$ cat coords_7.cif   # mmCIF, C-alpha atoms and all ligand atoms
data_final
loop_
_atom_site.label_atom_id
_atom_site.label_comp_id
_atom_site.auth_asym_id
_atom_site.auth_seq_id
_atom_site.Cartn_x
_atom_site.Cartn_y
_atom_site.Cartn_z
CA MET W 1 6.35 3.03 -17.52
CA GLY W 2 6.36 2.16 -13.81
CA LEU W 3 3.43 1.39 -11.60
CA ASN W 4 3.06 3.57 -8.53
CA LEU W 5 0.86 2.00 -5.96
CA ILE W 6 -0.69 2.88 -2.62
CA MET W 7 -2.43 0.16 -0.67
CA MET W 8 -4.82 1.19 2.07
CA GLY W 9 -6.48 -1.14 4.50
CA PRO W 10 -7.15 -1.38 8.23
CA PRO W 11 -5.12 -3.56 10.59
CA GLY W 12 -6.27 -7.14 10.05
CA ALA W 13 -7.27 -6.67 6.40
CA GLY W 14 -4.31 -8.70 5.15
CA LYS W 15 -2.71 -5.66 3.56
CA GLY W 16 0.83 -6.56 4.67
CA THR W 17 0.69 -10.00 3.06
CA GLN W 18 -0.84 -8.75 -0.17
CA ALA W 19 1.50 -5.75 -0.39
CA GLY W 20 4.55 -8.01 -0.05
CA ARG W 21 3.27 -10.37 -2.73
CA VAL W 22 2.29 -7.63 -5.20
CA ALA W 23 5.63 -5.84 -4.80
CA ARG W 24 7.52 -9.11 -5.38
CA GLU W 25 5.49 -10.23 -8.35
CA ARG W 26 5.48 -6.85 -10.09
CA GLY W 27 9.03 -5.79 -9.31
CA LEU W 28 7.96 -2.77 -7.28
CA LEU W 29 10.09 -1.31 -4.54
CA LYS W 30 8.12 -1.54 -1.31
CA ILE W 31 8.63 1.53 0.83
CA SER W 32 7.27 1.43 4.36
CA THR W 33 7.41 4.76 6.21
CA GLY W 34 7.03 2.92 9.54
CA ASP W 35 10.15 0.85 8.69
CA ILE W 36 12.08 3.98 7.66
CA LEU W 37 11.22 5.64 10.98
CA ARG W 38 12.12 2.54 13.01
CA GLN W 39 15.49 2.40 11.22
CA ALA W 40 16.04 6.13 11.92
CA ILE W 41 15.37 5.45 15.61
CA LYS W 42 17.94 2.63 15.58
CA ASP W 43 20.48 4.88 13.82
CA GLN W 44 19.72 7.68 16.31
CA THR W 45 19.40 10.30 13.57
CA PRO W 46 17.58 13.61 14.25
CA VAL W 47 14.49 12.21 12.48
CA GLY W 48 14.78 9.10 14.66
CA GLN W 49 14.85 11.18 17.82
CA LEU W 50 11.74 13.05 16.71
CA ALA W 51 10.00 9.82 15.66
CA LEU W 52 10.79 8.12 18.97
CA SER W 53 8.95 10.75 21.01
CA VAL W 54 5.97 10.80 18.64
CA MET W 55 5.62 7.08 17.98
CA SER W 56 5.66 6.18 21.66
CA THR W 57 2.44 8.20 22.07
CA GLY W 58 0.77 6.54 19.06
CA GLU W 59 0.47 9.90 17.28
CA LEU W 60 1.56 10.71 13.75
CA VAL W 61 4.90 12.24 12.85
CA ASP W 62 4.35 15.72 11.36
CA ASP W 63 3.56 16.08 7.65
CA GLU W 64 6.59 18.18 6.81
CA THR W 65 9.01 15.55 8.11
CA MET W 66 7.14 12.65 6.46
CA ILE W 67 6.84 14.40 3.11
CA ALA W 68 10.56 15.24 3.11
CA ILE W 69 11.44 11.58 3.82
CA VAL W 70 9.19 10.18 1.09
CA ARG W 71 10.11 12.86 -1.41
CA GLU W 72 13.81 12.18 -0.99
CA ARG W 73 13.33 8.42 -1.38
CA LEU W 74 11.02 8.55 -4.39
CA LEU W 75 13.21 10.95 -6.34
CA GLN W 76 16.37 8.86 -5.98
CA HIS W 77 17.70 7.65 -9.33
CA ASP W 78 17.37 3.94 -8.62
CA LEU W 79 13.63 4.56 -8.94
CA ASP W 80 13.85 6.38 -12.28
CA HIS W 81 12.67 3.29 -14.13
CA GLN W 82 11.03 1.31 -11.36
CA GLY W 83 7.62 1.55 -9.77
CA PHE W 84 6.98 1.59 -6.04
CA LEU W 85 4.47 0.41 -3.50
CA LEU W 86 3.99 2.74 -0.56
CA ASP W 87 3.01 1.22 2.76
CA GLY W 88 1.92 3.60 5.54
CA PHE W 89 2.00 6.74 3.41
CA PRO W 90 0.04 8.94 2.85
CA ARG W 91 -1.81 9.10 6.16
CA THR W 92 -3.17 12.65 5.81
CA VAL W 93 -4.56 14.76 2.97
CA PRO W 94 -1.54 17.13 2.88
CA GLN W 95 0.67 14.02 2.48
CA ALA W 96 -1.57 12.82 -0.38
CA GLN W 97 -1.36 16.22 -2.07
CA ALA W 98 2.42 16.23 -1.73
CA LEU W 99 2.56 12.71 -3.19
CA ASP W 100 0.63 13.89 -6.24
CA ARG W 101 3.23 16.57 -6.81
CA ILE W 102 6.08 14.06 -6.43
CA ILE W 103 4.40 11.68 -8.91
CA GLU W 104 4.14 14.49 -11.44
CA GLU W 105 7.77 15.37 -10.90
CA ARG W 106 8.85 11.75 -11.38
CA ASP W 107 6.76 11.49 -14.51
CA ASN W 108 7.02 7.72 -14.43
CA GLY W 109 3.53 6.28 -14.57
CA PRO W 110 0.24 6.93 -12.84
CA LEU W 111 -0.73 6.47 -9.21
CA VAL W 112 -3.06 3.57 -8.45
CA VAL W 113 -4.83 3.46 -5.09
CA ILE W 114 -6.25 0.21 -3.75
CA ASP W 115 -8.44 0.17 -0.65
CA ILE W 116 -8.86 -3.26 0.95
CA ARG W 117 -12.10 -3.26 2.95
CA VAL W 118 -13.30 -5.65 5.62
CA PRO W 119 -16.40 -5.16 7.85
CA PHE W 120 -15.63 -3.80 11.33
CA GLN W 121 -16.89 -6.85 13.24
CA GLU W 122 -14.86 -9.22 11.07
CA LEU W 123 -11.72 -7.17 11.76
CA VAL W 124 -12.37 -7.27 15.50
CA ARG W 125 -12.80 -11.03 15.29
CA ARG W 126 -9.63 -11.51 13.27
CA LEU W 127 -7.47 -9.19 15.37
CA SER W 128 -8.67 -10.40 18.75
CA GLY W 129 -7.66 -13.90 17.74
CA ARG W 130 -4.48 -12.91 15.97
CA ARG W 131 -1.44 -14.96 16.86
CA ILE W 132 2.18 -14.35 16.09
CA CYS W 133 5.25 -16.56 16.31
CA SER W 134 7.02 -15.99 19.62
CA SER W 135 10.37 -16.75 17.91
CA CYS W 136 10.35 -14.90 14.57
CA GLY W 137 7.31 -12.57 14.91
CA THR W 138 5.59 -13.82 11.73
CA ASN W 139 1.77 -13.49 11.75
CA ALA W 140 0.04 -16.87 11.93
CA ASP W 141 -2.30 -17.64 9.05
CA PRO W 142 -5.71 -16.48 10.37
CA PHE W 143 -7.35 -19.31 8.41
CA GLY W 144 -5.07 -21.93 9.98
CA SER W 145 -6.63 -21.76 13.43
CA GLU W 146 -5.63 -25.35 14.17
CA ALA W 147 -1.92 -24.72 13.75
CA ARG W 148 0.15 -24.65 16.96
CA SER W 149 3.50 -23.79 15.48
CA CYS W 150 4.83 -21.18 13.06
CA GLY W 151 4.69 -22.18 9.38
CA LYS W 152 7.97 -20.40 8.77
CA CYS W 153 10.30 -21.38 11.63
CA GLY W 154 8.34 -23.86 13.74
CA GLY W 155 8.28 -21.54 16.79
CA GLU W 156 5.37 -21.43 19.21
CA LEU W 157 2.36 -19.28 18.26
CA ALA W 158 1.10 -16.83 20.91
CA TYR W 159 -1.68 -14.25 21.12
CA ARG W 160 -0.47 -10.68 20.67
CA ALA W 161 -0.38 -8.67 23.89
CA ASP W 162 -1.85 -5.53 22.27
CA ASP W 163 -4.73 -7.38 20.64
CA SER W 164 -7.27 -7.37 23.49
CA ARG W 165 -10.75 -6.52 22.25
CA ASP W 166 -10.85 -2.93 23.58
CA VAL W 167 -7.43 -2.11 22.19
CA VAL W 168 -8.41 -3.61 18.86
CA VAL W 169 -11.62 -1.55 18.68
CA GLU W 170 -9.69 1.61 19.54
CA ARG W 171 -7.01 0.95 16.89
CA LEU W 172 -9.68 0.38 14.26
CA LYS W 173 -11.48 3.60 15.19
CA VAL W 174 -8.26 5.57 14.95
CA TYR W 175 -7.65 4.02 11.54
CA GLU W 176 -11.15 4.93 10.33
CA ARG W 177 -10.79 8.51 11.56
CA GLN W 178 -7.43 8.93 9.86
CA THR W 179 -8.35 7.25 6.62
CA PHE W 180 -11.77 8.70 5.94
CA PRO W 181 -10.45 12.02 4.52
CA LEU W 182 -7.98 10.12 2.36
CA VAL W 183 -10.67 7.91 0.86
CA GLU W 184 -12.66 11.05 0.11
CA TYR W 185 -9.57 12.55 -1.51
CA TYR W 186 -8.98 9.58 -3.81
CA GLN W 187 -12.33 7.97 -4.45
CA GLY W 188 -13.38 10.09 -7.42
CA ARG W 189 -10.34 8.99 -9.43
CA GLN W 190 -10.37 6.49 -12.26
CA THR W 191 -7.41 4.71 -10.68
CA PHE W 192 -9.01 4.22 -7.25
CA ARG W 193 -10.29 0.70 -6.61
CA VAL W 194 -11.89 -1.14 -3.69
CA VAL W 195 -11.17 -4.81 -2.97
CA ASN W 196 -13.28 -7.00 -0.69
CA GLY W 197 -10.83 -8.23 1.95
CA ALA W 198 -13.41 -10.40 3.74
CA GLN W 199 -12.56 -13.43 1.63
CA ALA W 200 -9.95 -16.17 1.63
CA PRO W 201 -6.46 -14.77 0.90
CA ASP W 202 -6.26 -16.42 -2.55
CA GLN W 203 -9.52 -14.82 -3.61
CA VAL W 204 -8.42 -11.43 -2.28
CA ALA W 205 -5.19 -11.84 -4.26
CA PHE W 206 -7.11 -12.71 -7.42
CA ASP W 207 -9.49 -9.73 -7.08
CA LEU W 208 -6.65 -7.42 -6.23
CA ASP W 209 -4.62 -8.46 -9.30
CA THR W 210 -7.67 -8.01 -11.52
CA VAL W 211 -8.48 -4.48 -10.35
CA LEU W 212 -4.81 -3.57 -10.30
CA ASP W 213 -4.34 -4.53 -13.95
CA ASP W 214 -7.47 -2.63 -14.89
CA ALA W 215 -6.59 0.53 -12.92
CA ALA W 216 -3.00 0.46 -14.20
CA ALA W 217 -4.22 0.26 -17.81
CA VAL W 218 -6.69 3.11 -17.29
CA GLY W 219 -4.01 5.19 -15.57
CA ALA W 220 -1.41 4.50 -18.27
CA GLU W 221 -3.86 5.54 -20.98
CA ALA W 222 -4.70 8.79 -19.16
CA HIS W 223 -0.99 9.43 -18.62
CA ARG W 224 -0.31 8.87 -22.35
CA SER W 225 -3.09 11.27 -23.41
CA ARG W 226 -1.77 13.92 -21.08
CA SER W 227 1.81 13.39 -22.32
CA GLU W 228 0.63 13.83 -25.90
CA ALA W 229 -1.14 17.02 -24.85
CA GLY W 230 2.14 18.15 -23.17
CA GLU W 231 0.62 18.22 -19.72
CA THR W 232 2.93 15.95 -17.71
CA GLY W 233 6.30 16.51 -16.07
CA ALA W 234 5.23 19.47 -13.95
CA PRO W 235 3.03 19.83 -10.91
CA ALA W 236 -0.62 19.12 -11.71
CA THR W 237 -1.55 20.38 -8.28
CA THR W 238 -0.55 23.78 -7.01
CA MET W 239 1.04 24.31 -3.62
CA ASP W 240 -2.32 24.86 -1.96
CA GLY W 241 -3.50 21.51 -3.34
CA THR W 242 -5.94 22.88 -5.92
CA GLN W 243 -5.86 21.34 -9.38
CA GLY W 244 -3.65 23.21 -11.79
CA LYS W 245 -2.43 22.49 -15.31
CA GLY W 246 1.15 21.31 -15.76
CA ALA W 247 3.30 23.96 -17.41
P1 LIG F 1 3.34 1.77 10.79
O1 LIG F 1 4.46 0.78 10.88
O2 LIG F 1 2.98 2.15 9.37
O3 LIG F 1 2.14 1.38 11.61
O4 LIG F 1 3.90 3.12 11.46
C1 LIG F 1 4.32 3.17 12.81
C2 LIG F 1 4.28 4.61 13.32
O5 LIG F 1 5.15 5.43 12.54
C3 LIG F 1 2.92 5.30 13.22
O6 LIG F 1 2.10 5.00 14.33
C4 LIG F 1 3.30 6.75 13.18
O7 LIG F 1 3.65 7.25 14.45
C5 LIG F 1 4.57 6.72 12.34
N1 LIG F 1 4.27 6.89 10.90
C6 LIG F 1 4.46 5.98 9.89
N2 LIG F 1 4.08 6.47 8.71
C7 LIG F 1 3.63 7.73 8.93
C8 LIG F 1 3.06 8.75 8.11
N3 LIG F 1 2.88 8.57 6.80
N4 LIG F 1 2.70 9.92 8.71
C9 LIG F 1 2.87 10.11 10.03
N5 LIG F 1 3.37 9.19 10.87
C10 LIG F 1 3.75 8.00 10.34
#

$ encode --input "coords_7.cif" --output "structure tokens"
Amino acid sequence: MGLNLIMMGPPGAGKGTQAGRVARERGLLKISTGDILRQAIKDQTPVGQLALSVMSTGELVDDETMIAIVRERLLQHDLDHQGFLLDGFPRTVPQAQALDRIIEERDNGPLVVIDIRVPFQELVRRLSGRRICSSCGTNADPFGSEARSCGKCGGELAYRADDSRDVVVERLKVYERQTFPLVEYYQGRQTFRVVNGAQAPDQVAFDLDTVLDDAAAVGAEAHRSRSEAGETGAPATTMDGTQGKGA
């Protein structure tokens, strides 16, 4: 049975690093909706043209388009026996409801939701001082403040242009506004877990792996019970998002 994972976390929480590691170590396919849209823009597809106009304003692409993209990807056969890690999706409650329906349709393991949390002031501090490599774009290790060159390619580290304090505060507020309804949507579930991201990366990784194993076991057990009761394999949520019983 696969593991289906969503990782939530504000900019600066270290989500990107942890998501990459978890996907690698657990053999999950990492699917980033931002990457899919950026590729569509490059390929000049109709979705790319739509995304270009929306993304340049900093707004969200509409739910219908995003759900269609994710639905198509998650139901492809290469994922029949593999889990996935979604990065950047869902961003709204209708997207989360649609994802629940897709998970039921896939019938390949439960959904685990991890929320990496870091206090606001700590995020502002981290992001305002965030440096990236001017050659390869890799984020500098925020704990390696002494380093002058990129650990990956040796290029020069520079402060990010969009990381001035005001911009950082605004980005974090937008994130909070967007994410709050999603946290409310997921937090009552047995497979929802919070990880303290205000720690050294190794400790965050350790905590994350611990809660992930626990949530995956709880989710697998619930999935098994429902399979035995004949309740999986069909939408557990109805089209209006209310809880329904699988047929
Ligand atoms: P990201 O790389 O995840 O920060 O996404 C970059 C941009 O792509 C966002 O600012 C949105 O405009 C768009 N985008 C990515 N994922 C979604 C989503 N799930 N729903 C709506 N828009 C999205």

$ closest_residue --input "coords_7.cif" --among "W:Ser128, W:Gln187, W:Asn108, W:Thr179" --to "ligand LIG 1 (chain F)" --atoms "only C-alpha atoms and all ligand atoms"
W:Thr179

$ residues_near_point --input "coords_7.cif" --point "(8.6, 0.1, -10.4)" --cutoff "8 Å" --atoms "all atoms listed in the file" --output "list in words"
Gly2, Leu3, Asn4, Arg26, Gly27, Leu28, Leu29, Leu79, His81, Gln82, Gly83 and Phe84 of chain W

$ write_last_selection --input "coords_7.cif" --atoms "C-alpha atoms" --output "mmCIF file, in the frame of the given file"
data_model
loop_
_atom_site.group_PDB
_atom_site.id
_atom_site.type_symbol
_atom_site.label_atom_id
_atom_site.label_comp_id
_atom_site.auth_asym_id
_atom_site.auth_seq_id
_atom_site.Cartn_x
_atom_site.Cartn_y
_atom_site.Cartn_z
ATOM 1 C CA GLY W 2 6.360 2.160 -13.810
ATOM 2 C CA LEU W 3 3.430 1.390 -11.600
ATOM 3 C CA ASN W 4 3.060 3.570 -8.530
ATOM 4 C CA ARG W 26 5.480 -6.850 -10.090
ATOM 5 C CA GLY W 27 9.030 -5.790 -9.310
ATOM 6 C CA LEU W 28 7.960 -2.770 -7.280
ATOM 7 C CA LEU W 29 10.090 -1.310 -4.540
ATOM 8 C CA LEU W 79 13.630 4.560 -8.940
ATOM 9 C CA HIS W 81 12.670 3.290 -14.130
ATOM 10 C CA GLN W 82 11.030 1.310 -11.360
ATOM 11 C CA GLY W 83 7.620 1.550 -9.770
ATOM 12 C CA PHE W 84 6.980 1.590 -6.040
#

$ residues_near_ligand --input "coords_7.cif" --ligand "ligand LIG 1 (chain F)" --cutoff "8 Å" --atoms "only C-alpha atoms and all ligand atoms" --output "PyMOL selection string"
chain W and resi 32-35+37-38+51+54-63+66-67+87-92+95

$ closest_residue --input "coords_7.cif" --among "W:Glu176, W:Asp213, W:Asp107, W:Glu184" --to "W:Val22" --atoms "all atoms listed in the file"
W:Asp213

$ residues_near_point --input "coords_7.cif" --point "(1.3, -18.1, 16.9)" --cutoff "9 Å" --atoms "only C-alpha atoms" --output "list in words"
Arg130, Arg131, Ile132, Cys133, Ser134, Gly137, Thr138, Asn139, Ala140, Asp141, Ala147, Arg148, Ser149, Cys150, Gly155, Glu156, Leu157, Ala158, Tyr159 and Arg160 of chain W

$ atom_distance --input "coords_7.cif" --atom1 "atom CA of W:Gln190" --atom2 "atom CA of W:Arg226"
14.4 Å

$ atom_distance --input "coords_7.cif" --atom1 "atom CA of W:Phe120" --atom2 "atom CA of W:Val211"
22.8 Å

$ residues_around --input "coords_7.cif" --residues "W:Met8" --least-positions-apart "4" --cutoff "7 Å" --atoms "only C-alpha atoms" --output "PyMOL selection string"
chain W and resi 114-116

$ atom_distance --input "coords_7.cif" --atom1 "atom CA of W:Gln49" --atom2 "atom CA of W:Val70"
17.7 Å

$ residues_around --input "coords_7.cif" --residues "W:Ile102" --least-positions-apart "2" --cutoff "8 Å" --atoms "all atoms listed in the file" --output "list of chain:residue names"
W:Arg71, W:Leu74, W:Leu75, W:Ala98, W:Leu99, W:Asp100, W:Glu104, W:Glu105, W:Arg106, W:Pro235

$ residues_around --input "coords_7.cif" --residues "W:Asp202" --least-positions-apart "4" --cutoff "12 Å" --atoms "all atoms listed in the file" --output "mmCIF file with C-alpha atoms, keeping the file's coordinate frame"
data_model
loop_
_atom_site.group_PDB
_atom_site.id
_atom_site.type_symbol
_atom_site.label_atom_id
_atom_site.label_comp_id
_atom_site.auth_asym_id
_atom_site.auth_seq_id
_atom_site.Cartn_x
_atom_site.Cartn_y
_atom_site.Cartn_z
ATOM 1 C CA GLY W 14 -4.310 -8.700 5.150
ATOM 2 C CA THR W 17 0.690 -10.000 3.060
ATOM 3 C CA GLN W 18 -0.840 -8.750 -0.170
ATOM 4 C CA ARG W 21 3.270 -10.370 -2.730
ATOM 5 C CA PHE W 143 -7.350 -19.310 8.410
ATOM 6 C CA ASN W 196 -13.280 -7.000 -0.690
ATOM 7 C CA GLY W 197 -10.830 -8.230 1.950
ATOM 8 C CA ALA W 198 -13.410 -10.400 3.740
ATOM 9 C CA PHE W 206 -7.110 -12.710 -7.420
ATOM 10 C CA ASP W 207 -9.490 -9.730 -7.080
ATOM 11 C CA LEU W 208 -6.650 -7.420 -6.230
ATOM 12 C CA ASP W 209 -4.620 -8.460 -9.300
#

$ residues_around --input "coords_7.cif" --residues "W:His223" --least-positions-apart "4" --cutoff "12 Å" --atoms "all atoms listed in the file" --output "PyMOL selection string"
chain W and resi 1-3+103-104+107-112+190-191+215-219+227-233+236

$ decode --input "coords_7.cif" --residues "stretch 1-57 of chain W" --atoms "C-alpha atoms" --output "short mmCIF file (atom, residue, chain, number, x, y, z; two decimals), in the first residue's frame"
data_model
loop_
_atom_site.label_atom_id
_atom_site.label_comp_id
_atom_site.auth_asym_id
_atom_site.auth_seq_id
_atom_site.Cartn_x
_atom_site.Cartn_y
_atom_site.Cartn_z
CA MET W 1 0.00 0.00 0.00
CA GLY W 2 1.38 3.41 -0.99
CA LEU W 3 1.84 6.44 1.16
CA ASN W 4 0.09 9.58 -0.03
CA LEU W 5 1.52 12.66 1.54
CA ILE W 6 0.84 16.38 1.65
CA MET W 7 3.39 18.63 3.28
CA MET W 8 2.30 22.08 4.33
CA GLY W 9 4.56 24.79 5.63
CA PRO W 10 5.19 28.50 5.10
CA PRO W 11 8.06 29.85 3.01
CA GLY W 12 11.20 29.52 5.11
CA ALA W 13 10.01 26.48 7.09
CA GLY W 14 12.41 24.15 5.28
CA LYS W 15 9.57 22.30 3.59
CA GLY W 16 11.33 22.05 0.22
CA THR W 17 14.41 20.37 1.70
CA GLN W 18 12.41 17.97 3.84
CA ALA W 19 9.97 17.14 1.04
CA GLY W 20 12.84 16.25 -1.30
CA ARG W 21 14.46 14.03 1.30
CA VAL W 22 11.25 12.25 2.33
CA ALA W 23 10.28 11.57 -1.29
CA ARG W 24 13.74 10.16 -2.03
CA GLU W 25 13.98 8.01 1.07
CA ARG W 26 10.45 6.61 0.81
CA GLY W 27 10.28 6.17 -2.95
CA LEU W 28 7.42 8.64 -3.36
CA LEU W 29 6.85 10.56 -6.56
CA LYS W 30 7.13 14.25 -5.74
CA ILE W 31 4.58 16.27 -7.65
CA SER W 32 4.89 20.04 -7.52
CA THR W 33 1.97 21.94 -9.07
CA GLY W 34 4.15 25.06 -9.34
CA ASP W 35 6.69 23.05 -11.42
CA ILE W 36 3.90 21.62 -13.61
CA LEU W 37 2.59 25.13 -14.30
CA ARG W 38 6.08 26.51 -15.02
CA GLN W 39 6.65 23.65 -17.50
CA ALA W 40 3.26 24.36 -19.13
CA ILE W 41 4.32 28.00 -19.55
CA LYS W 42 7.57 26.90 -21.20
CA ASP W 43 5.67 24.52 -23.50
CA GLN W 44 3.16 27.29 -24.30
CA THR W 45 0.16 25.00 -23.75
CA PRO W 46 -3.32 26.49 -23.12
CA VAL W 47 -2.86 25.82 -19.38
CA GLY W 48 0.52 27.55 -19.60
CA GLN W 49 -1.02 30.62 -21.18
CA LEU W 50 -3.64 30.79 -18.44
CA ALA W 51 -1.02 30.20 -15.72
CA LEU W 52 1.26 32.91 -17.09
CA SER W 53 -1.37 35.63 -16.72
CA VAL W 54 -2.37 34.46 -13.24
CA MET W 55 1.06 33.71 -11.80
CA SER W 56 2.47 37.08 -12.80
CA THR W 57 -0.09 38.72 -10.48
#
